[in-house]
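Structure data (compact mmCIF, C-alpha atoms and all ligand atoms) from input.txt:
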# COMPACT_ATOMS: atom_id res chain seq x y z
CA MET A 1 -1.81 -5.54 25.93
CA THR A 2 -5.30 -7.07 25.91
CA GLN A 3 -6.71 -9.57 23.46
CA LEU A 4 -10.03 -8.11 22.31
CA ALA A 5 -11.45 -10.50 19.80
CA ASN A 6 -10.73 -13.59 17.82
CA ASP A 7 -13.19 -14.04 14.98
CA ASP A 8 -13.26 -14.86 11.26
CA ALA A 9 -12.08 -11.41 10.25
CA VAL A 10 -8.78 -11.39 12.13
CA GLU A 11 -6.77 -13.90 14.12
CA ALA A 12 -6.38 -11.39 16.94
CA LEU A 13 -6.95 -7.79 17.82
CA HIS A 14 -4.66 -6.36 20.51
CA VAL A 15 -5.16 -3.10 22.36
CA VAL A 16 -2.08 -0.89 22.76
CA ASP A 17 -2.35 1.04 26.03
CA LEU A 18 -1.43 4.66 25.28
CA ASP A 19 -3.66 6.29 27.94
CA ALA A 20 -0.69 8.23 29.29
CA PHE A 21 -0.52 10.11 25.96
CA GLY A 22 -4.25 10.78 25.61
CA SER A 23 -4.18 8.23 22.81
CA CYS A 24 -5.02 4.61 22.11
CA GLY A 25 -4.09 2.02 19.53
CA VAL A 26 -4.75 -1.44 18.18
CA VAL A 27 -2.76 -4.10 16.39
CA ALA A 28 -4.86 -6.22 14.04
CA VAL A 29 -3.28 -9.56 13.16
CA HIS A 30 -5.25 -10.83 10.20
CA SER A 31 -3.27 -13.97 9.43
CA THR A 32 -0.06 -15.68 10.48
CA ALA A 33 -0.58 -18.69 8.19
CA LEU A 34 2.36 -17.75 5.97
CA GLY A 35 4.56 -16.31 8.74
CA PRO A 36 4.59 -13.48 11.28
CA ALA A 37 2.07 -10.75 10.44
CA ALA A 38 3.88 -7.86 8.75
CA GLY A 39 2.53 -4.38 8.04
CA GLY A 40 3.16 -0.77 8.96
CA CYS A 41 2.13 1.37 11.90
CA ARG A 42 -0.28 4.19 11.04
CA LEU A 43 -0.66 7.30 13.22
CA TRP A 44 -3.86 9.04 12.21
CA HIS A 45 -6.77 11.01 13.58
CA TYR A 46 -9.88 8.83 13.90
CA GLY A 47 -13.35 10.07 14.79
CA ASP A 48 -13.84 7.26 17.31
CA GLU A 49 -12.36 3.94 18.39
CA GLN A 50 -14.67 1.94 16.14
CA ASP A 51 -13.34 3.80 13.07
CA MET A 52 -9.82 3.04 14.21
CA VAL A 53 -10.50 -0.67 14.69
CA THR A 54 -12.32 -0.92 11.34
CA ASP A 55 -9.37 0.70 9.56
CA ALA A 56 -6.87 -1.57 11.32
CA VAL A 57 -8.79 -4.73 10.36
CA ARG A 58 -9.26 -3.64 6.73
CA LEU A 59 -5.61 -2.66 6.38
CA ALA A 60 -4.40 -5.87 8.07
CA ARG A 61 -6.41 -8.00 5.63
CA GLY A 62 -4.93 -6.01 2.74
CA MET A 63 -1.45 -6.75 4.07
CA SER A 64 -2.21 -10.49 4.27
CA TYR A 65 -3.27 -10.48 0.63
CA LYS A 66 -0.36 -8.28 -0.47
CA ASN A 67 2.27 -10.37 1.32
CA ALA A 68 0.75 -13.65 0.12
CA LEU A 69 0.74 -12.64 -3.54
CA ALA A 70 4.22 -11.10 -3.29
CA GLY A 71 5.47 -14.53 -2.22
CA LEU A 72 6.72 -13.24 1.13
CA PRO A 73 7.05 -15.57 4.14
CA PHE A 74 4.83 -13.23 6.16
CA GLY A 75 1.19 -12.96 7.13
CA GLY A 76 -0.65 -9.67 7.40
CA GLY A 77 -1.15 -7.21 10.23
CA LYS A 78 -1.35 -3.52 10.93
CA ALA A 79 -0.90 -1.23 13.91
CA VAL A 80 -3.12 1.82 14.06
CA LEU A 81 -2.62 4.53 16.66
CA GLN A 82 -4.85 7.51 17.43
CA ARG A 83 -2.88 10.72 16.92
CA PRO A 84 -2.89 12.55 20.29
CA ALA A 85 -4.84 15.82 20.06
CA GLY A 86 -2.47 17.92 22.17
CA ALA A 87 1.26 18.32 22.70
CA HIS A 88 2.91 15.03 23.57
CA ASP A 89 6.30 13.36 23.88
CA ARG A 90 6.49 11.57 20.53
CA ALA A 91 9.57 9.52 21.42
CA ALA A 92 7.92 8.33 24.65
CA LEU A 93 4.78 7.35 22.71
CA PHE A 94 6.82 5.21 20.28
CA ARG A 95 8.80 3.71 23.18
CA ALA A 96 5.48 2.61 24.70
CA PHE A 97 4.38 1.24 21.33
CA GLY A 98 7.71 -0.59 20.95
CA LEU A 99 7.34 -2.18 24.37
CA ALA A 100 3.86 -3.37 23.41
CA MET A 101 5.27 -4.89 20.18
CA GLU A 102 7.89 -6.74 22.24
CA GLY A 103 4.97 -8.16 24.23
CA LEU A 104 3.59 -9.74 21.05
CA ALA A 105 6.81 -11.76 20.83
CA GLY A 106 7.17 -11.57 17.06
CA ALA A 107 3.60 -12.45 16.05
CA TYR A 108 3.55 -9.00 14.38
CA VAL A 109 6.44 -7.10 12.75
CA THR A 110 5.93 -3.36 12.42
CA ALA A 111 7.35 -0.63 10.13
CA GLU A 112 6.47 2.92 9.12
CA ASP A 113 3.23 3.85 7.39
CA VAL A 114 1.12 6.97 6.92
CA GLY A 115 1.95 9.38 9.78
CA THR A 116 5.05 7.54 11.03
CA THR A 117 8.69 7.86 10.04
CA VAL A 118 12.02 6.06 10.00
CA ALA A 119 12.94 8.09 13.12
CA ASP A 120 9.85 6.72 14.94
CA MET A 121 10.83 3.16 14.00
CA GLN A 122 14.36 3.77 15.30
CA VAL A 123 12.75 4.60 18.66
CA VAL A 124 10.66 1.41 18.45
CA ARG A 125 13.87 -0.55 17.72
CA GLY A 126 15.17 0.54 21.13
CA GLN A 127 12.41 -1.61 22.70
CA THR A 128 12.02 -4.52 20.30
CA ARG A 129 13.63 -6.27 17.36
CA TYR A 130 10.23 -6.91 15.73
CA VAL A 131 10.49 -3.79 13.57
CA ALA A 132 11.90 -2.89 10.12
CA GLY A 133 12.02 0.21 7.91
CA LEU A 134 15.04 1.53 9.83
CA ASN A 135 17.96 3.67 8.75
CA HIS A 136 19.78 1.99 5.90
CA ALA A 137 23.12 0.54 6.99
CA GLY A 138 25.56 -1.53 4.92
CA ALA A 139 24.94 -3.33 1.65
CA GLY A 140 21.83 -5.22 2.72
CA ALA A 141 18.23 -4.35 1.87
CA GLY A 142 16.61 -1.51 3.78
CA GLY A 143 16.05 2.22 3.81
CA ASP A 144 13.23 4.24 2.24
CA PRO A 145 10.69 1.83 0.70
CA SER A 146 9.14 4.45 -1.63
CA PRO A 147 11.56 4.03 -4.59
CA TRP A 148 10.89 0.27 -4.53
CA THR A 149 7.15 0.84 -4.45
CA ALA A 150 7.44 3.21 -7.41
CA ALA A 151 9.66 0.76 -9.31
CA GLY A 152 7.07 -2.01 -8.86
CA VAL A 153 4.19 0.24 -9.93
CA PHE A 154 6.18 1.36 -13.00
CA LYS A 155 6.98 -2.20 -14.09
CA ALA A 156 3.36 -3.21 -13.49
CA MET A 157 2.12 -0.23 -15.50
CA CYS A 158 4.39 -1.19 -18.42
CA ALA A 159 3.05 -4.76 -18.33
CA ALA A 160 -0.61 -3.74 -18.06
CA ALA A 161 -0.28 -1.11 -20.80
CA GLU A 162 1.29 -3.71 -23.09
CA THR A 163 -1.76 -5.97 -22.69
CA ILE A 164 -3.95 -3.21 -24.17
CA GLY A 165 -1.44 -2.27 -26.88
CA LEU A 166 -0.54 1.04 -25.23
CA PRO A 167 3.14 2.09 -25.45
CA LEU A 168 4.04 4.20 -22.39
CA LYS A 169 6.36 6.29 -24.55
CA GLY A 170 4.12 9.17 -25.57
CA ALA A 171 1.20 7.98 -23.39
CA ARG A 172 -0.55 10.59 -21.24
CA VAL A 173 -0.39 9.55 -17.57
CA ALA A 174 -2.22 11.43 -14.80
CA ILE A 175 -0.67 11.07 -11.33
CA GLN A 176 -2.80 11.87 -8.28
CA GLY A 177 -0.42 12.67 -5.41
CA ALA A 178 3.06 14.12 -5.96
CA GLY A 179 4.47 12.63 -2.74
CA ASN A 180 7.24 10.10 -2.20
CA VAL A 181 5.92 7.35 -4.46
CA GLY A 182 4.16 9.67 -6.93
CA GLY A 183 7.36 11.66 -7.38
CA HIS A 184 9.57 8.62 -8.02
CA LEU A 185 6.98 7.15 -10.37
CA ALA A 186 6.74 10.43 -12.31
CA ARG A 187 10.52 10.42 -12.84
CA LEU A 188 10.50 6.84 -14.14
CA LEU A 189 7.63 7.68 -16.50
CA ALA A 190 9.34 10.86 -17.70
CA GLU A 191 12.46 8.82 -18.52
CA ARG A 192 10.24 6.46 -20.53
CA GLY A 193 8.89 9.41 -22.52
CA ALA A 194 5.37 9.58 -21.06
CA GLU A 195 3.45 12.87 -21.10
CA LEU A 196 2.66 13.66 -17.46
CA VAL A 197 -0.20 15.39 -15.68
CA VAL A 198 0.28 15.83 -11.93
CA ALA A 199 -1.95 16.98 -9.07
CA ASP A 200 -1.63 17.27 -5.32
CA VAL A 201 -3.69 18.97 -2.62
CA ASP A 202 -0.34 20.45 -1.68
CA GLU A 203 -0.15 22.61 -4.81
CA ALA A 204 3.43 23.71 -4.18
CA ARG A 205 4.50 20.05 -4.18
CA ALA A 206 2.74 19.36 -7.50
CA HIS A 207 4.16 22.57 -8.94
CA ALA A 208 7.74 21.60 -8.02
CA LEU A 209 7.35 18.17 -9.63
CA ALA A 210 5.67 19.59 -12.73
CA ARG A 211 8.49 22.11 -13.13
CA GLU A 212 11.19 19.48 -12.66
CA LEU A 213 9.72 17.16 -15.28
CA GLY A 214 7.98 19.55 -17.66
CA ALA A 215 4.61 18.07 -16.65
CA THR A 216 1.19 19.72 -16.71
CA GLN A 217 -0.25 20.58 -13.31
CA VAL A 218 -4.01 20.31 -12.72
CA GLY A 219 -6.14 20.84 -9.62
CA ALA A 220 -6.57 18.02 -7.10
CA ASP A 221 -10.32 18.12 -7.84
CA GLU A 222 -9.74 17.69 -11.59
CA VAL A 223 -7.18 14.92 -11.86
CA LEU A 224 -9.64 12.01 -11.65
CA ALA A 225 -11.53 13.29 -14.69
CA VAL A 226 -8.52 14.23 -16.83
CA ASP A 227 -8.53 13.01 -20.42
CA ALA A 228 -5.53 10.66 -20.39
CA ASP A 229 -4.44 7.09 -21.16
CA VAL A 230 -3.52 6.08 -17.62
CA LEU A 231 -4.51 7.18 -14.12
CA ALA A 232 -2.02 6.50 -11.30
CA PRO A 233 -3.67 7.08 -7.89
CA CYS A 234 -0.75 7.76 -5.53
CA ALA A 235 -2.51 9.72 -2.77
CA LEU A 236 -5.12 8.23 -0.43
CA GLY A 237 -7.53 5.30 -0.60
CA ALA A 238 -11.18 4.97 -1.68
CA VAL A 239 -10.78 7.37 -4.63
CA LEU A 240 -12.64 5.10 -7.08
CA ASP A 241 -16.31 5.28 -6.17
CA ASP A 242 -19.81 5.79 -7.60
CA VAL A 243 -19.05 9.43 -8.42
CA THR A 244 -15.50 9.21 -9.79
CA VAL A 245 -15.58 5.95 -11.79
CA PRO A 246 -18.24 7.13 -14.31
CA ARG A 247 -16.16 10.29 -14.91
CA LEU A 248 -12.88 8.54 -15.67
CA LYS A 249 -11.49 9.12 -19.16
CA VAL A 250 -8.58 6.66 -19.10
CA ARG A 251 -7.94 3.12 -20.36
CA LEU A 252 -5.86 1.93 -17.42
CA VAL A 253 -5.74 2.57 -13.65
CA CYS A 254 -2.44 1.59 -12.03
CA GLY A 255 -1.06 3.35 -8.98
CA ALA A 256 0.43 3.02 -5.50
CA ALA A 257 -2.37 4.07 -3.15
CA ASN A 258 -3.76 1.36 -0.89
CA ASN A 259 -7.46 0.46 -1.09
CA GLN A 260 -8.17 2.56 -4.20
CA LEU A 261 -11.59 0.95 -4.71
CA ALA A 262 -14.19 2.32 -2.28
CA GLU A 263 -15.87 -1.11 -2.52
CA ASP A 264 -15.08 -4.32 -4.44
CA ARG A 265 -17.97 -3.63 -6.81
CA HIS A 266 -16.16 -0.57 -8.14
CA GLY A 267 -13.75 -3.02 -9.76
CA ASP A 268 -16.78 -4.48 -11.59
CA MET A 269 -17.77 -0.96 -12.66
CA LEU A 270 -14.31 -0.30 -14.08
CA ARG A 271 -14.43 -3.56 -16.01
CA ALA A 272 -17.91 -2.74 -17.36
CA GLN A 273 -16.57 0.61 -18.56
CA GLY A 274 -13.71 -1.10 -20.39
CA ILE A 275 -11.07 0.30 -18.02
CA LEU A 276 -8.28 -2.07 -17.04
CA TYR A 277 -7.60 -2.02 -13.29
CA ALA A 278 -4.24 -3.15 -11.89
CA PRO A 279 -5.11 -4.28 -8.33
CA ASP A 280 -3.41 -1.90 -5.89
CA TYR A 281 -1.91 -4.38 -3.46
CA VAL A 282 -0.47 -6.45 -6.28
CA VAL A 283 1.38 -3.53 -7.88
CA ASN A 284 2.40 -1.57 -4.74
CA ALA A 285 4.15 -4.48 -2.98
CA GLY A 286 7.68 -3.12 -3.66
CA GLY A 287 7.80 -1.26 -0.34
CA ILE A 288 6.84 -4.22 1.87
CA ILE A 289 9.16 -6.46 -0.18
CA ASN A 290 12.03 -4.12 0.78
CA VAL A 291 10.91 -3.89 4.42
CA CYS A 292 10.63 -7.69 4.77
CA ALA A 293 14.01 -8.21 3.09
CA GLU A 294 15.55 -5.83 5.62
CA TYR A 295 13.94 -7.76 8.49
CA LEU A 296 15.22 -11.08 7.10
CA GLY A 297 18.71 -9.69 6.40
CA GLU A 298 18.40 -10.25 2.65
CA SER A 299 20.25 -8.45 -0.14
CA THR A 300 19.16 -5.65 -2.47
CA ARG A 301 19.48 -8.18 -5.30
CA GLN A 302 16.76 -10.31 -3.69
CA VAL A 303 14.54 -7.24 -3.46
CA GLU A 304 15.12 -6.49 -7.17
CA ASP A 305 14.17 -10.05 -8.12
CA ARG A 306 10.95 -9.97 -6.07
CA VAL A 307 9.98 -6.53 -7.38
CA ALA A 308 10.57 -7.72 -10.96
CA ARG A 309 8.07 -10.52 -10.36
CA ILE A 310 5.27 -8.02 -9.64
CA ALA A 311 4.76 -7.45 -13.38
CA VAL A 312 4.69 -11.20 -14.08
CA ARG A 313 2.08 -11.72 -11.37
CA LEU A 314 -0.04 -8.85 -12.66
CA ARG A 315 -0.02 -10.28 -16.20
CA ASP A 316 -1.24 -13.63 -14.81
CA ILE A 317 -4.04 -11.92 -12.87
CA LEU A 318 -5.17 -9.88 -15.89
CA ARG A 319 -5.15 -13.00 -18.07
CA LEU A 320 -7.22 -14.93 -15.48
CA ALA A 321 -9.65 -12.01 -15.19
CA ASN A 322 -10.26 -12.25 -18.94
CA GLU A 323 -10.60 -16.02 -18.89
CA ARG A 324 -13.01 -15.95 -15.94
CA ASP A 325 -14.78 -12.78 -17.11
CA MET A 326 -14.24 -11.29 -13.67
CA ALA A 327 -12.93 -8.02 -12.27
CA SER A 328 -9.16 -8.15 -11.69
CA ASN A 329 -9.48 -7.16 -8.01
CA ARG A 330 -11.76 -10.15 -7.38
CA VAL A 331 -9.32 -12.51 -9.12
CA ALA A 332 -6.44 -11.16 -7.01
CA ASP A 333 -8.46 -11.57 -3.78
CA ASP A 334 -9.35 -15.16 -4.71
CA LEU A 335 -5.72 -16.05 -5.44
CA ALA A 336 -4.53 -14.49 -2.17
CA ARG A 337 -7.21 -16.30 -0.15
CA GLU A 338 -6.29 -19.60 -1.83
CA LYS A 339 -2.61 -19.14 -0.87
CA ILE A 340 -3.46 -18.30 2.74
CA ALA A 341 -5.95 -21.19 3.00
CA ALA A 342 -3.40 -23.63 1.55
CA ALA A 343 -0.80 -22.50 4.12
CA SER A 344 -3.37 -22.77 6.96
CA GLY A 345 -4.27 -26.26 5.77
CA ALA A 346 -0.62 -27.30 5.59
CA ALA A 347 -0.01 -25.96 9.11
CA ALA A 348 -3.05 -27.80 10.49
CA ALA A 349 -2.11 -31.11 8.80
P1 LIG A 401 3.11 10.76 0.66
O1 LIG A 401 2.45 11.25 1.90
O2 LIG A 401 4.57 11.01 0.46
O3 LIG A 401 2.36 11.33 -0.63
C1 LIG A 401 0.98 11.39 -0.75
C2 LIG A 401 0.65 12.72 -1.45
O4 LIG A 401 -0.73 12.71 -1.78
C3 LIG A 401 0.91 13.95 -0.58
O5 LIG A 401 1.74 14.85 -1.28
C4 LIG A 401 -0.49 14.51 -0.34
O6 LIG A 401 -0.50 15.93 -0.25
C5 LIG A 401 -1.22 14.03 -1.57
N1 LIG A 401 -2.66 13.98 -1.47
C6 LIG A 401 -3.44 13.64 -0.42
N2 LIG A 401 -4.74 13.69 -0.75
C7 LIG A 401 -4.79 14.08 -2.05
C8 LIG A 401 -5.85 14.30 -2.96
N3 LIG A 401 -7.12 14.14 -2.62
N4 LIG A 401 -5.54 14.69 -4.22
C9 LIG A 401 -4.26 14.87 -4.61
N5 LIG A 401 -3.20 14.67 -3.76
C10 LIG A 401 -3.47 14.27 -2.52
O7 LIG A 401 2.78 9.19 0.59
P2 LIG A 401 3.51 8.07 -0.27
O8 LIG A 401 4.49 7.37 0.57
O9 LIG A 401 3.92 8.64 -1.57
O10 LIG A 401 2.31 7.04 -0.51
C11 LIG A 401 1.31 7.31 -1.47
C12 LIG A 401 0.26 6.21 -1.41
O11 LIG A 401 0.86 4.95 -1.69
C13 LIG A 401 -0.41 6.06 -0.03
O12 LIG A 401 -1.75 5.69 -0.24
C14 LIG A 401 0.35 4.91 0.60
O13 LIG A 401 -0.44 4.21 1.54
C15 LIG A 401 0.62 4.04 -0.63
N6 LIG A 401 1.77 3.18 -0.47
C16 LIG A 401 3.00 3.73 -0.19
C17 LIG A 401 4.11 2.90 -0.05
C18 LIG A 401 5.47 3.47 0.18
O14 LIG A 401 6.46 2.73 -0.01
N7 LIG A 401 5.61 4.73 0.53
C19 LIG A 401 3.99 1.42 -0.15
C20 LIG A 401 2.65 0.96 -0.52
C21 LIG A 401 1.59 1.83 -0.64

Any chance you could put this one into structure tokens?
Amino acid sequence: MTQLANDDAVEALHVVDLDAFGSCGVVAVHSTALGPAAGGCRLWHYGDEQDMVTDAVRLARGMSYKNALAGLPFGGGKAVLQRPAGAHDRAALFRAFGLAMEGLAGAYVTAEDVGTTVADMQVVRGQTRYVAGLNHAGAGAGGDPSPWTAAGVFKAMCAAAETIGLPLKGARVAIQGAGNVGGHLARLLAERGAELVVADVDEARAHALARELGATQVGADEVLAVDADVLAPCALGAVLDDVTVPRLKVRLVCGAANNQLAEDRHGDMLRAQGILYAPDYVVNAGGIINVCAEYLGESTRQVEDRVARIAVRLRDILRLANERDMASNRVADDLAREKIAAASGAAAA
């Protein structure tokens, strides 16, 4: 494990030596002001090492902001590993990763993310206790975080829709991504009586969900321009950009995907177009709330309470955005930075 850098962007950037697997990895620790850095481990194909480091740093900062606003006693970090090109021993790779996490002595707590699974984290657990998102055992918090993420997004969507006088019963909601979170969210919305439009690049997946819920299926290339009341991005990041934002025909954007805005200024564009944006890391915190509760040995009840507060926090942010005449994503970033700075100040004093 080598310390690469220590600048304004992150507290530390650690290299994970995976040469033996034809791979490499980094752990970006953005902030430990509020507690150990918590965030998932992503296994993904990156064009080059710089892309991988850039993604790790961006994701780690997002985790700092998400954890701070969710009121969790954790800072933000992220592990990003290059997916080996050829055949490899996956268990051995995650054992090596786990050993490297043990070397960080708890400064970073890992969990699953895009490309990694509960089974991978069980392997990591064999090497270190600084991991969560494991098989659910007993009555405590833990297990699959997706239902909690969906529950938080749903509550947030109800709150945001209320602020624009939009009842979700009968509202038309377009969901991009019929995966774990998108699927759970669709079921909650169907129960509420929303009219659903679903899309996924995996058309069979979207078809199955549409059939289950009596939803309309549209193409993955159409969903961002569907005429609807709400858009819920639940696939990948950076979907709101110079091309897609002008084409939106919704009043509210509220979904689970991380980093939905290609750049911060796309939040300004949404505001200028009269579209309410529920900042992604505020509304999708249910999963990390569950993961952190598992790590701390907390109860499901504590997870429920924290997830319920997501809607309250979102209402405050939307109110402040109106008062300050600012985009909601910028207000959320400011509040998160203030919390982290206050904790850094308190630690230094
Ligand atoms: P998933 O992998 O189960 O589902 C994502 C779905 O999006 C897949 O079915 C995939 O085929 C589809 N997809 C990919 N690109 C697409 C495109 N261009 N158009 C339409 N569909 C597309 O992932 P999961 O767990 O449901 O997560 C969804 C998003 O929410 C991700 O961005 C993830 O980072 C974020 N998130 C997930 C959390 C969780 O608890 N699972 C927690 C916080 C954020």

Sorted by chain and rising residue number, which residues of stretch 84-150 of chain A lie within 12 Å of stretch 251-265 of chain A, and what are their closest atom pairs and distances in Å to one decimal, counting only C-alpha atoms, as CSV?
residue,atom,partner,partner_atom,distance
A:Asp113,CA,A:Asn258,CA,11.1
A:Val114,CA,A:Asn258,CA,10.8
A:Ser146,CA,A:Ala256,CA,9.6
A:Pro147,CA,A:Ala256,CA,11.2
A:Trp148,CA,A:Ala256,CA,10.9
A:Thr149,CA,A:Ala256,CA,7.1
A:Ala150,CA,A:Ala256,CA,7.3

Within 6 Å of A:Pro84 using all atoms listed in the file, minus same-chain residues under 2 positions, as a list in words: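 Everything that qualifies: Gly22, Ser23 and Gly86 of chain A.
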
For A:Ala272: contacts at 12 Å, all atoms listed in the file, fewer than 6 positions along chain excluded, given as a PyMOL selection string: chain A and resi 245-246+251+265-266+325-328

Resulting file, chosen residues, C-alpha atoms, as a compact mmCIF listing (two decimals), keeping the file's coordinate frame:
# COMPACT_ATOMS: atom_id res chain seq x y z
CA VAL A 245 -15.58 5.95 -11.79
CA PRO A 246 -18.24 7.13 -14.31
CA ARG A 251 -7.94 3.12 -20.36
CA ARG A 265 -17.97 -3.63 -6.81
CA HIS A 266 -16.16 -0.57 -8.14
CA ASP A 325 -14.78 -12.78 -17.11
CA MET A 326 -14.24 -11.29 -13.67
CA ALA A 327 -12.93 -8.02 -12.27
CA SER A 328 -9.16 -8.15 -11.69

Write out, as a tab-separated table, each residue of chain A that has an atom at most 7 Å from ligand LIG 401 (chain A), together with the closest pair of atoms and their distance in Å to one decimal, counting all atoms listed in the file, rows going by chain and rising number.
residue	atom	partner	partner_atom	distance
A:Asp113	CA	A:LIG401	O13	6.9
A:Val114	CA	A:LIG401	O13	6.2
A:Pro145	CA	A:LIG401	O14	4.4
A:Ser146	CA	A:LIG401	O14	3.6
A:Pro147	CA	A:LIG401	O14	7.0
A:Trp148	CA	A:LIG401	O14	6.8
A:Thr149	CA	A:LIG401	O14	4.9
A:Gln176	CA	A:LIG401	C9	5.0
A:Gly177	CA	A:LIG401	O4	3.6
A:Ala178	CA	A:LIG401	O5	4.9
A:Gly179	CA	A:LIG401	O3	3.3
A:Asn180	CA	A:LIG401	O9	3.7
A:Val181	CA	A:LIG401	O9	3.7
A:Gly182	CA	A:LIG401	O9	5.5
A:Ala199	CA	A:LIG401	C9	5.4
A:Asp200	CA	A:LIG401	N5	3.4
A:Val201	CA	A:LIG401	N5	4.5
A:Asp202	CA	A:LIG401	O6	4.7
A:Arg205	CA	A:LIG401	O5	6.6
A:Ala220	CA	A:LIG401	N4	4.5
A:Asp221	CA	A:LIG401	N4	6.9
A:Cys234	CA	A:LIG401	C12	4.5
A:Ala235	CA	A:LIG401	O4	3.6
A:Leu236	CA	A:LIG401	O12	4.2
A:Gly237	CA	A:LIG401	O12	5.8
A:Ala256	CA	A:LIG401	O11	4.3
A:Ala257	CA	A:LIG401	O12	3.4
A:Asn258	CA	A:LIG401	O12	4.8
A:Asn284	CA	A:LIG401	C20	4.9
A:Ala285	CA	A:LIG401	C20	6.2
A:Gly286	CA	A:LIG401	C19	6.8
A:Gly287	CA	A:LIG401	O14	4.2
A:Ile288	CA	A:LIG401	C19	6.6

List as a PDB file with C-alpha atoms, in the coordinates of the input: which residues have an atom within 7 Å of (-0.9, -11.3, -6.2), counting all atoms listed in the file?
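Okay, result.pdb is ready:
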ATOM      1  CA  LYS A  66      -0.360  -8.280  -0.470  1.00  0.00           C
ATOM      2  CA  ALA A  68       0.750 -13.650   0.120  1.00  0.00           C
ATOM      3  CA  LEU A  69       0.740 -12.640  -3.540  1.00  0.00           C
ATOM      4  CA  ALA A  70       4.220 -11.100  -3.290  1.00  0.00           C
ATOM      5  CA  VAL A 282      -0.470  -6.450  -6.280  1.00  0.00           C
ATOM      6  CA  ARG A 313       2.080 -11.720 -11.370  1.00  0.00           C
ATOM      7  CA  LEU A 314      -0.040  -8.850 -12.660  1.00  0.00           C
ATOM      8  CA  ALA A 332      -6.440 -11.160  -7.010  1.00  0.00           C
ATOM      9  CA  LEU A 335      -5.720 -16.050  -5.440  1.00  0.00           C
ATOM     10  CA  ALA A 336      -4.530 -14.490  -2.170  1.00  0.00           C
TER      11      ALA A 336
END

Atomic distance atom CA of A:Asp268 - atom CA of A:Leu318, expressed in Å with one decimal: 13.5 Å

From A:Gly345, A:Ala132, A:Tyr65, A:Pro36, residue lying nearest A:Arg330 [all atoms listed in the file]: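 The shortest atom-to-atom distance to A:Arg330 comes from A:Tyr65.
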
Name the residues in contact with stretch 169-175 of chain A at a cut-off of 9 Å, using only C-alpha atoms, excluding same-chain residues fewer than 2 positions from it; report them as an mmCIF file with C-alpha atoms, in the frame of the given file.
data_model
loop_
_atom_site.group_PDB
_atom_site.id
_atom_site.type_symbol
_atom_site.label_atom_id
_atom_site.label_comp_id
_atom_site.auth_asym_id
_atom_site.auth_seq_id
_atom_site.Cartn_x
_atom_site.Cartn_y
_atom_site.Cartn_z
ATOM 1 C CA LEU A 166 -0.540 1.040 -25.230
ATOM 2 C CA PRO A 167 3.140 2.090 -25.450
ATOM 3 C CA GLY A 177 -0.420 12.670 -5.410
ATOM 4 C CA ALA A 178 3.060 14.120 -5.960
ATOM 5 C CA GLY A 182 4.160 9.670 -6.930
ATOM 6 C CA GLY A 183 7.360 11.660 -7.380
ATOM 7 C CA LEU A 185 6.980 7.150 -10.370
ATOM 8 C CA ALA A 186 6.740 10.430 -12.310
ATOM 9 C CA LEU A 189 7.630 7.680 -16.500
ATOM 10 C CA ALA A 190 9.340 10.860 -17.700
ATOM 11 C CA GLU A 191 12.460 8.820 -18.520
ATOM 12 C CA ARG A 192 10.240 6.460 -20.530
ATOM 13 C CA GLY A 193 8.890 9.410 -22.520
ATOM 14 C CA ALA A 194 5.370 9.580 -21.060
ATOM 15 C CA GLU A 195 3.450 12.870 -21.100
ATOM 16 C CA LEU A 196 2.660 13.660 -17.460
ATOM 17 C CA VAL A 197 -0.200 15.390 -15.680
ATOM 18 C CA VAL A 198 0.280 15.830 -11.930
ATOM 19 C CA ALA A 199 -1.950 16.980 -9.070
ATOM 20 C CA ASP A 200 -1.630 17.270 -5.320
ATOM 21 C CA VAL A 223 -7.180 14.920 -11.860
ATOM 22 C CA LEU A 224 -9.640 12.010 -11.650
ATOM 23 C CA VAL A 226 -8.520 14.230 -16.830
ATOM 24 C CA ASP A 227 -8.530 13.010 -20.420
ATOM 25 C CA ALA A 228 -5.530 10.660 -20.390
ATOM 26 C CA ASP A 229 -4.440 7.090 -21.160
ATOM 27 C CA VAL A 230 -3.520 6.080 -17.620
ATOM 28 C CA LEU A 231 -4.510 7.180 -14.120
ATOM 29 C CA ALA A 232 -2.020 6.500 -11.300
ATOM 30 C CA PRO A 233 -3.670 7.080 -7.890
ATOM 31 C CA CYS A 234 -0.750 7.760 -5.530
ATOM 32 C CA ALA A 235 -2.510 9.720 -2.770
ATOM 33 C CA VAL A 250 -8.580 6.660 -19.100
ATOM 34 C CA GLY A 255 -1.060 3.350 -8.980
#

Atom-to-atom span, atom CA of A:His30 and atom CA of A:Ala321, Å: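 These two atoms are separated by 25.8 Å.
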
Spatial neighbours of A:Ala225, max dist 6 Å, all atoms listed in the file, sep filter under 2 positions, as a ChimeraX atom specification: /A:222-223,247-248

Selected residues, C-alpha atoms, written as a JSON list (two decimals), in the frame of the given file, please.
[["chain", "number", "residue", "atom", "x", "y", "z"],
["A", 222, "GLU", "CA", -9.74, 17.69, -11.59],
["A", 223, "VAL", "CA", -7.18, 14.92, -11.86],
["A", 247, "ARG", "CA", -16.16, 10.29, -14.91],
["A", 248, "LEU", "CA", -12.88, 8.54, -15.67]]

Closest of A:Trp44, A:Tyr108, A:Phe94, A:Tyr281 to A:Val80 - atom-to-atom distances counting all atoms listed in the file: A:Trp44

Among the residues A:Asp305, A:Ala238, A:Glu294, A:Leu276, the one that comes closest to A:Ala160 [using all atoms listed in the file]: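 The closest residue to A:Ala160 is A:Leu276.
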
Option closest in space to A:Gly35, from A:Leu81, A:Ala293, A:Val124, A:Ile340 [counting all atoms listed in the file]: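 Among the listed residues, the smallest separation from A:Gly35 belongs to A:Ile340.
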